[in-house]
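One file, run.txt, carrying compact mmCIF, C-alpha atoms and all ligand atoms:
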```txt
# COMPACT_ATOMS: atom_id res chain seq x y z
CA MET A 1351 -37.99 -89.49 4.24
CA TYR A 1352 -39.37 -88.47 0.84
CA CYS A 1353 -42.36 -86.41 -0.29
CA VAL A 1354 -45.31 -88.67 -1.14
CA LYS A 1355 -46.29 -86.46 -4.04
CA CYS A 1356 -43.13 -85.24 -5.79
CA GLY A 1357 -40.50 -87.52 -4.28
CA VAL A 1358 -38.09 -84.83 -3.09
CA GLU A 1359 -35.92 -85.80 -0.11
CA LEU A 1360 -37.09 -84.09 3.10
CA ALA A 1361 -35.14 -82.98 6.13
CA ASP A 1362 -36.44 -84.17 9.53
CA SER A 1363 -37.40 -80.60 10.42
CA GLU A 1364 -39.88 -80.26 7.52
CA THR A 1365 -43.58 -80.66 8.29
CA LYS A 1366 -44.55 -80.12 4.65
CA CYS A 1367 -42.71 -80.48 1.35
CA PRO A 1368 -40.78 -77.25 0.55
CA LEU A 1369 -41.31 -77.89 -3.16
CA CYS A 1370 -44.98 -78.82 -3.57
CA GLY A 1371 -46.45 -78.05 -0.13
CA THR A 1372 -47.78 -81.55 0.53
CA PRO A 1373 -47.85 -82.40 4.28
CA VAL A 1374 -45.16 -84.93 5.22
CA PHE A 1375 -46.82 -88.28 5.86
CA HIS A 1376 -45.91 -91.92 6.25
CA PRO A 1377 -48.35 -94.34 7.96
CA ASP A 1378 -45.66 -96.58 9.54
CA ILE A 1379 -42.66 -94.41 10.36
CA PRO A 1380 -43.05 -92.16 13.43
CA ARG A 1381 -41.42 -88.84 12.55
CA PRO A 1382 -38.72 -87.48 14.84
CA VAL A 1383 -39.02 -83.71 15.11
CA ALA A 1384 -35.67 -81.96 14.67
CA ASP A 1385 -34.58 -78.33 14.80
CA PRO A 1386 -34.56 -76.63 11.37
CA PRO A 1387 -31.04 -76.30 9.90
CA PHE A 1388 -31.47 -72.54 9.40
CA PRO A 1389 -32.53 -69.75 11.81
CA THR A 1390 -36.28 -69.08 11.62
CA GLU A 1391 -36.20 -65.35 12.48
CA LYS A 1392 -35.68 -62.98 9.56
CA GLN A 1393 -32.30 -61.28 9.81
CA LEU A 1394 -30.92 -58.21 8.04
CA ARG A 1395 -28.28 -59.13 5.51
CA PRO A 1396 -24.88 -57.80 6.62
CA GLU A 1397 -24.27 -55.69 3.49
CA GLU A 1398 -27.51 -53.74 4.11
CA VAL A 1399 -26.35 -52.77 7.58
CA ASN A 1400 -22.85 -51.85 6.39
CA ARG A 1401 -24.24 -49.78 3.51
CA SER A 1402 -26.49 -47.50 5.53
CA GLY A 1403 -23.77 -47.14 8.19
CA ALA A 1404 -21.21 -46.12 5.57
CA LEU A 1405 -23.70 -43.71 3.97
CA PHE A 1406 -24.39 -42.09 7.35
CA VAL A 1407 -20.65 -41.54 7.90
CA LEU A 1408 -20.31 -40.11 4.37
CA THR A 1409 -23.20 -37.72 5.03
CA VAL A 1410 -21.49 -36.44 8.18
CA LEU A 1411 -18.18 -36.11 6.28
CA PHE A 1412 -19.97 -33.92 3.73
CA LEU A 1413 -21.60 -31.81 6.43
CA ILE A 1414 -18.39 -31.03 8.36
CA PRO A 1415 -16.53 -28.98 5.66
CA ALA A 1416 -19.78 -27.21 4.66
CA VAL A 1417 -20.56 -26.13 8.22
CA ILE A 1418 -16.92 -25.24 9.04
CA SER A 1419 -16.52 -23.04 5.96
CA LEU A 1420 -19.86 -21.28 6.60
CA LEU A 1421 -18.80 -20.61 10.21
CA CYS A 1422 -15.30 -19.43 9.18
CA ASP A 1423 -16.66 -17.10 6.54
CA TRP A 1424 -19.26 -15.69 8.89
CA ARG A 1425 -16.65 -15.19 11.65
CA ILE A 1426 -14.16 -13.41 9.33
CA ASN A 1427 -16.49 -11.44 7.03
CA GLY A 1428 -19.75 -11.29 8.96
CA ARG A 1429 -21.61 -12.64 5.92
CA THR A 1430 -21.17 -15.38 3.27
CA VAL A 1431 -18.52 -14.22 0.81
CA TRP A 1432 -16.96 -17.47 -0.41
CA SER A 1433 -18.44 -20.21 1.78
CA GLY A 1434 -21.65 -20.31 -0.27
CA TYR A 1435 -19.71 -21.82 -3.17
CA VAL A 1436 -18.21 -24.49 -0.91
CA ALA A 1437 -21.54 -25.39 0.70
CA PHE A 1438 -23.43 -25.31 -2.59
CA SER A 1439 -20.82 -27.45 -4.40
CA LEU A 1440 -20.78 -30.01 -1.59
CA ALA A 1441 -24.59 -30.14 -1.60
CA LEU A 1442 -24.56 -30.63 -5.37
CA LEU A 1443 -21.95 -33.41 -5.18
CA TYR A 1444 -23.92 -35.09 -2.40
CA LEU A 1445 -27.17 -34.86 -4.34
CA ILE A 1446 -25.66 -36.35 -7.50
CA VAL A 1447 -23.34 -39.03 -6.07
CA ILE A 1448 -24.45 -40.03 -2.56
CA LEU A 1449 -28.24 -39.52 -2.47
CA PRO A 1450 -29.09 -42.24 -5.05
CA LEU A 1451 -26.99 -44.73 -3.03
CA TRP A 1452 -29.55 -44.51 -0.20
CA PHE A 1453 -32.03 -46.30 -2.45
CA ARG A 1454 -31.83 -49.97 -3.32
CA SER A 1455 -32.44 -49.46 -7.05
CA PRO A 1456 -32.40 -45.69 -7.77
CA ASN A 1457 -34.50 -44.73 -10.78
CA PRO A 1458 -32.45 -42.46 -13.10
CA VAL A 1459 -35.68 -41.04 -14.57
CA VAL A 1460 -36.39 -39.53 -11.14
CA PHE A 1461 -32.85 -38.54 -10.14
CA LEU A 1462 -31.54 -37.06 -13.41
CA PRO A 1463 -34.12 -34.20 -13.63
CA ILE A 1464 -33.43 -33.38 -9.96
CA ASP A 1465 -29.67 -33.33 -10.68
CA PHE A 1466 -30.02 -31.02 -13.67
CA ALA A 1467 -32.38 -28.69 -11.77
CA ALA A 1468 -29.82 -28.52 -8.95
CA ILE A 1469 -26.98 -27.78 -11.41
CA CYS A 1470 -29.13 -24.95 -12.86
CA LEU A 1471 -29.71 -23.53 -9.37
CA PHE A 1472 -25.97 -23.68 -8.62
CA LEU A 1473 -25.12 -21.84 -11.84
CA LEU A 1474 -27.80 -19.24 -11.07
CA TYR A 1475 -26.23 -18.75 -7.63
CA VAL A 1476 -22.73 -18.30 -9.12
CA ASN A 1477 -24.14 -15.93 -11.75
CA CYS A 1478 -25.89 -13.73 -9.16
CA LYS A 1479 -22.98 -13.85 -6.72
CA THR A 1480 -20.43 -12.78 -9.37
CA GLY A 1481 -22.78 -10.26 -11.00
CA GLY A 1482 -22.63 -12.17 -14.29
CA HIS A 1483 -24.97 -11.80 -17.22
CA TRP A 1484 -24.56 -15.28 -18.67
CA PHE A 1485 -27.16 -17.35 -16.83
CA LEU A 1486 -30.33 -16.65 -18.80
CA SER A 1487 -28.72 -16.44 -22.23
CA PHE A 1488 -26.19 -19.27 -21.89
CA ALA A 1489 -26.09 -21.47 -18.77
CA PHE A 1490 -29.84 -22.02 -18.44
CA PRO A 1491 -30.60 -23.00 -22.06
CA VAL A 1492 -27.47 -25.20 -22.37
CA THR A 1493 -28.06 -27.02 -19.07
CA GLY A 1494 -31.75 -27.33 -19.90
CA ALA A 1495 -31.09 -28.75 -23.37
CA ILE A 1496 -28.47 -31.26 -22.13
CA GLY A 1497 -30.80 -32.18 -19.24
CA LEU A 1498 -33.74 -32.77 -21.58
CA LEU A 1499 -31.61 -34.89 -23.91
CA VAL A 1500 -30.12 -37.01 -21.11
CA CYS A 1501 -33.46 -37.44 -19.26
CA ALA A 1502 -35.34 -38.35 -22.45
CA GLN A 1503 -32.70 -40.92 -23.36
CA ALA A 1504 -32.70 -42.42 -19.85
CA ALA A 1505 -36.51 -42.64 -19.84
CA LEU A 1506 -36.65 -44.23 -23.31
CA LEU A 1507 -33.92 -46.76 -22.52
CA ARG A 1508 -35.64 -47.67 -19.26
CA TYR A 1509 -39.25 -47.95 -20.43
CA VAL A 1510 -38.98 -48.87 -24.13
CA ARG A 1511 -37.79 -52.44 -24.53
CA ARG A 1512 -36.92 -52.30 -28.21
CA GLY A 1513 -35.40 -49.84 -30.67
CA GLN A 1514 -32.21 -48.93 -28.78
CA LEU A 1515 -30.51 -48.18 -32.12
CA PHE A 1516 -33.23 -45.62 -32.96
CA ILE A 1517 -32.82 -44.03 -29.52
CA PHE A 1518 -29.03 -43.77 -29.82
CA GLY A 1519 -29.19 -42.61 -33.44
CA GLY A 1520 -31.67 -39.87 -32.55
CA SER A 1521 -29.56 -38.87 -29.56
CA PHE A 1522 -26.46 -38.43 -31.73
CA LEU A 1523 -28.39 -36.23 -34.18
CA LEU A 1524 -29.72 -34.08 -31.31
CA LEU A 1525 -26.23 -33.94 -29.75
CA GLY A 1526 -24.88 -32.54 -33.03
CA GLY A 1527 -27.63 -29.91 -33.02
CA LEU A 1528 -26.78 -29.11 -29.40
CA MET A 1529 -23.17 -28.28 -30.37
CA VAL A 1530 -24.44 -25.70 -32.89
CA LEU A 1531 -26.80 -24.29 -30.23
CA ILE A 1532 -23.94 -24.02 -27.73
CA GLU A 1533 -21.74 -22.09 -30.19
CA PHE A 1534 -24.68 -19.84 -31.09
CA LEU A 1535 -25.38 -19.05 -27.42
CA LEU A 1536 -21.66 -18.52 -26.72
CA ASN A 1537 -21.50 -16.01 -29.58
CA VAL A 1538 -24.67 -14.25 -28.39
CA THR A 1539 -23.56 -14.11 -24.75
CA PHE A 1540 -19.81 -13.57 -24.92
CA LYS A 1541 -19.46 -12.11 -28.46
CA PHE A 1542 -16.61 -14.50 -29.42
CA HIS A 1543 -17.31 -14.60 -33.16
CA THR A 1544 -20.00 -13.20 -35.40
CA THR A 1545 -20.41 -16.47 -37.28
CA PHE A 1546 -20.22 -20.20 -36.61
CA PHE A 1547 -16.60 -21.23 -36.21
CA TRP A 1548 -16.10 -24.72 -34.70
CA SER A 1549 -19.49 -26.32 -34.12
CA PHE A 1550 -19.77 -27.71 -37.66
CA TYR A 1551 -17.09 -30.32 -36.94
CA PRO A 1552 -18.78 -32.01 -33.95
CA PHE A 1553 -22.15 -31.51 -35.69
CA ALA A 1554 -20.94 -33.35 -38.81
CA SER A 1555 -19.39 -36.22 -36.80
CA CYS A 1556 -22.51 -36.64 -34.63
CA ALA A 1557 -24.82 -36.44 -37.66
CA ILE A 1558 -22.82 -39.11 -39.55
CA ILE A 1559 -22.81 -41.48 -36.54
CA GLY A 1560 -26.53 -40.81 -35.92
CA VAL A 1561 -27.50 -41.47 -39.55
CA MET A 1562 -25.34 -44.63 -39.57
CA LEU A 1563 -27.12 -45.97 -36.46
CA LEU A 1564 -30.54 -45.14 -37.97
CA ILE A 1565 -29.63 -46.94 -41.22
CA ILE A 1566 -28.48 -49.99 -39.23
CA ALA A 1567 -31.74 -49.82 -37.24
CA ILE A 1568 -33.91 -49.63 -40.37
CA CYS A 1569 -32.04 -52.13 -42.57
CA ARG A 1570 -32.72 -55.56 -41.12
CA PRO A 1571 -30.18 -57.65 -43.16
CA LEU A 1572 -27.39 -55.19 -42.33
CA ARG A 1573 -28.33 -55.33 -38.63
CA GLU A 1574 -28.32 -59.11 -38.60
CA SER A 1575 -24.99 -59.43 -40.42
CA LEU A 1576 -23.43 -56.96 -37.92
CA HIS A 1577 -24.99 -58.91 -35.07
CA ARG A 1578 -23.41 -62.14 -36.31
CA LYS A 1579 -20.07 -60.47 -36.97
CA PHE A 1580 -19.63 -58.47 -33.75
CA PHE A 1581 -22.13 -60.08 -31.34
CA VAL A 1582 -23.74 -56.70 -30.66
ZN ZN A 1601 -43.33 -82.60 -2.70
```
Could you render the structure from this file as structure tokens?
Ligand SMILES: [Zn+2]
Amino acid sequence: MYCVKCGVELADSETKCPLCGTPVFHPDIPRPVADPPFPTEKQLRPEEVNRSGALFVLTVLFLIPAVISLLCDWRINGRTVWSGYVAFSLALLYLIVILPLWFRSPNPVVFLPIDFAAICLFLLYVNCKTGGHWFLSFAFPVTGAIGLLVCAQAALLRYVRRGQLFIFGGSFLLLGGLMVLIEFLLNVTFKFHTTFFWSFYPFASCAIIGVMLLIIAICRPLRESLHRKFFV
């Protein structure tokens, strides 16, 4: 049996053409009605079931050491002395690695800011717990600057279709600047040196790579010859 409109071959179970939707019709041949060759009810694909099952087990495996160490610490010391680090680190690892796996296509523009905020909180906790003085003048600005850079790059790469070379070139320039900022904050916070000592080297390398990418992005003939040569 064939479709009267588009001519595709039809199984006996079809009542209309799967391709063009035309009802199956022939004036002379009585149609035998057969069972469809595939199950009609919608079933969950096996990998979806396995995935959420595995993620549930992983979640429990993360919870066990966190709860046990909190209980141990509380039993021995009567308060949280060391178990906070364990619980906080496990929560951080879970947030960064496992939580996005619960979603079918996790959006990095949503998850990356959450991850960096959580890292900041963890560092603040360690700073307060150890009586440090390095959070506000070092950890917070460095984490914030790296977070901004990474999140901006992820957002641009996801939502801007063109100009990847400009994005990467700009990122390298900012990364070089970040190295200088890190050395400056290290010197301010920990009084290592009074002047800049090492950050010029990564700054120079990053700046050269960034400028090179920007030149390739601007100069169309150069870009096309590289494209033909290296297939990039
Ligand atoms: Zn058809």
Once you count all atoms listed in the file, what closest atom pair and distance in Å to one decimal does each residue of segment 1396-1505 of chain A within 10 Å of segment 1517-1534 of chain A have, with rows by chain and rising residue number, as JSON lines?
```
{"residue": "A:Phe1488", "atom": "CA", "partner": "A:Ile1532", "partner_atom": "CA", "distance": 7.9}
{"residue": "A:Ala1489", "atom": "CA", "partner": "A:Ile1532", "partner_atom": "CA", "distance": 9.6}
{"residue": "A:Pro1491", "atom": "CA", "partner": "A:Ile1532", "partner_atom": "CA", "distance": 8.8}
{"residue": "A:Val1492", "atom": "CA", "partner": "A:Ile1532", "partner_atom": "CA", "distance": 6.5}
{"residue": "A:Ala1495", "atom": "CA", "partner": "A:Leu1528", "partner_atom": "CA", "distance": 7.4}
{"residue": "A:Ile1496", "atom": "CA", "partner": "A:Leu1528", "partner_atom": "CA", "distance": 7.8}
{"residue": "A:Leu1499", "atom": "CA", "partner": "A:Ser1521", "partner_atom": "CA", "distance": 7.2}
{"residue": "A:Val1500", "atom": "CA", "partner": "A:Ser1521", "partner_atom": "CA", "distance": 8.7}
{"residue": "A:Ala1502", "atom": "CA", "partner": "A:Ser1521", "partner_atom": "CA", "distance": 9.2}
{"residue": "A:Gln1503", "atom": "CA", "partner": "A:Ile1517", "partner_atom": "CA", "distance": 6.9}
{"residue": "A:Ala1504", "atom": "CA", "partner": "A:Ile1517", "partner_atom": "CA", "distance": 9.8}
```
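Across A:Arg1508, A:Arg1578, A:Lys1355, A:His1483, the tightest approach to ligand ZN 1601 (chain A) is made by A:Lys1355 when counting only C-alpha atoms and all ligand atoms.
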Which residues are near ligand ZN 1601 (chain A) - at most 12 Å, using only C-alpha atoms and all ligand atoms? Format: as a ChimeraX atom specification.
/A:1351-1360,1364-1375
For the selection just defined, write its residues with C-alpha atoms to a file, as a JSON list (two decimals), in the frame of the given file.
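Written out: again.json:
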```json
[["chain", "number", "residue", "atom", "x", "y", "z"],
["A", 1351, "MET", "CA", -37.99, -89.49, 4.24],
["A", 1352, "TYR", "CA", -39.37, -88.47, 0.84],
["A", 1353, "CYS", "CA", -42.36, -86.41, -0.29],
["A", 1354, "VAL", "CA", -45.31, -88.67, -1.14],
["A", 1355, "LYS", "CA", -46.29, -86.46, -4.04],
["A", 1356, "CYS", "CA", -43.13, -85.24, -5.79],
["A", 1357, "GLY", "CA", -40.50, -87.52, -4.28],
["A", 1358, "VAL", "CA", -38.09, -84.83, -3.09],
["A", 1359, "GLU", "CA", -35.92, -85.80, -0.11],
["A", 1360, "LEU", "CA", -37.09, -84.09, 3.10],
["A", 1364, "GLU", "CA", -39.88, -80.26, 7.52],
["A", 1365, "THR", "CA", -43.58, -80.66, 8.29],
["A", 1366, "LYS", "CA", -44.55, -80.12, 4.65],
["A", 1367, "CYS", "CA", -42.71, -80.48, 1.35],
["A", 1368, "PRO", "CA", -40.78, -77.25, 0.55],
["A", 1369, "LEU", "CA", -41.31, -77.89, -3.16],
["A", 1370, "CYS", "CA", -44.98, -78.82, -3.57],
["A", 1371, "GLY", "CA", -46.45, -78.05, -0.13],
["A", 1372, "THR", "CA", -47.78, -81.55, 0.53],
["A", 1373, "PRO", "CA", -47.85, -82.40, 4.28],
["A", 1374, "VAL", "CA", -45.16, -84.93, 5.22],
["A", 1375, "PHE", "CA", -46.82, -88.28, 5.86]]
```
Atom CA of Val1459 of chain A to atom CA of Cys1501 of chain A, distance in Å rounded to a single decimal
6.3 Å
Near segment 1466-1479 of chain A, within 8 Å and counting only C-alpha atoms, which residues show up once chain neighbours fewer than 2 positions away are dropped, as a compact mmCIF listing (two decimals) with C-alpha atoms, keeping the file's coordinate frame?
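selection-v3.txt, freshly written:
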```
# COMPACT_ATOMS: atom_id res chain seq x y z
CA TYR A 1435 -19.71 -21.82 -3.17
CA PHE A 1438 -23.43 -25.31 -2.59
CA SER A 1439 -20.82 -27.45 -4.40
CA LEU A 1442 -24.56 -30.63 -5.37
CA LEU A 1462 -31.54 -37.06 -13.41
CA PRO A 1463 -34.12 -34.20 -13.63
CA ILE A 1464 -33.43 -33.38 -9.96
CA GLY A 1481 -22.78 -10.26 -11.00
CA GLY A 1482 -22.63 -12.17 -14.29
CA HIS A 1483 -24.97 -11.80 -17.22
CA TRP A 1484 -24.56 -15.28 -18.67
CA PHE A 1485 -27.16 -17.35 -16.83
CA ALA A 1489 -26.09 -21.47 -18.77
CA PHE A 1490 -29.84 -22.02 -18.44
CA THR A 1493 -28.06 -27.02 -19.07
CA GLY A 1494 -31.75 -27.33 -19.90
CA GLY A 1497 -30.80 -32.18 -19.24
```
Is it possible to add N, CA and C atoms to segment 1432-1445 of chain A and hand it back as an mmCIF file, in the coordinates of the input?
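The result, written out as out_29.cif:
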```cif
data_model
loop_
_atom_site.group_PDB
_atom_site.id
_atom_site.type_symbol
_atom_site.label_atom_id
_atom_site.label_comp_id
_atom_site.auth_asym_id
_atom_site.auth_seq_id
_atom_site.Cartn_x
_atom_site.Cartn_y
_atom_site.Cartn_z
ATOM 1 N N TRP A 1432 -17.422 -16.354 0.436
ATOM 2 C CA TRP A 1432 -16.960 -17.470 -0.410
ATOM 3 C C TRP A 1432 -17.546 -18.800 0.015
ATOM 4 N N SER A 1433 -18.046 -18.889 1.264
ATOM 5 C CA SER A 1433 -18.440 -20.210 1.780
ATOM 6 C C SER A 1433 -19.681 -20.749 1.075
ATOM 7 N N GLY A 1434 -20.464 -19.850 0.458
ATOM 8 C CA GLY A 1434 -21.650 -20.310 -0.270
ATOM 9 C C GLY A 1434 -21.279 -21.259 -1.395
ATOM 10 N N TYR A 1435 -20.150 -20.935 -2.076
ATOM 11 C CA TYR A 1435 -19.710 -21.820 -3.170
ATOM 12 C C TYR A 1435 -19.366 -23.203 -2.644
ATOM 13 N N VAL A 1436 -18.619 -23.210 -1.502
ATOM 14 C CA VAL A 1436 -18.210 -24.490 -0.910
ATOM 15 C C VAL A 1436 -19.443 -25.303 -0.537
ATOM 16 N N ALA A 1437 -20.359 -24.665 0.220
ATOM 17 C CA ALA A 1437 -21.540 -25.390 0.700
ATOM 18 C C ALA A 1437 -22.404 -25.856 -0.462
ATOM 19 N N PHE A 1438 -22.580 -24.972 -1.449
ATOM 20 C CA PHE A 1438 -23.430 -25.310 -2.590
ATOM 21 C C PHE A 1438 -22.804 -26.456 -3.399
ATOM 22 N N SER A 1439 -21.469 -26.392 -3.620
ATOM 23 C CA SER A 1439 -20.820 -27.450 -4.400
ATOM 24 C C SER A 1439 -20.925 -28.785 -3.680
ATOM 25 N N LEU A 1440 -20.696 -28.759 -2.344
ATOM 26 C CA LEU A 1440 -20.780 -30.010 -1.590
ATOM 27 C C LEU A 1440 -22.193 -30.578 -1.649
ATOM 28 N N ALA A 1441 -23.199 -29.684 -1.540
ATOM 29 C CA ALA A 1441 -24.590 -30.140 -1.600
ATOM 30 C C ALA A 1441 -24.887 -30.766 -2.955
ATOM 31 N N LEU A 1442 -24.346 -30.126 -4.008
ATOM 32 C CA LEU A 1442 -24.560 -30.630 -5.370
ATOM 33 C C LEU A 1442 -23.918 -32.006 -5.545
ATOM 34 N N LEU A 1443 -22.669 -32.134 -5.085
ATOM 35 C CA LEU A 1443 -21.950 -33.410 -5.180
ATOM 36 C C LEU A 1443 -22.705 -34.493 -4.403
ATOM 37 N N TYR A 1444 -23.190 -34.120 -3.217
ATOM 38 C CA TYR A 1444 -23.920 -35.090 -2.400
ATOM 39 C C TYR A 1444 -25.197 -35.538 -3.102
ATOM 40 N N LEU A 1445 -25.903 -34.564 -3.658
ATOM 41 C CA LEU A 1445 -27.170 -34.860 -4.340
ATOM 42 C C LEU A 1445 -26.949 -35.806 -5.519
#
```
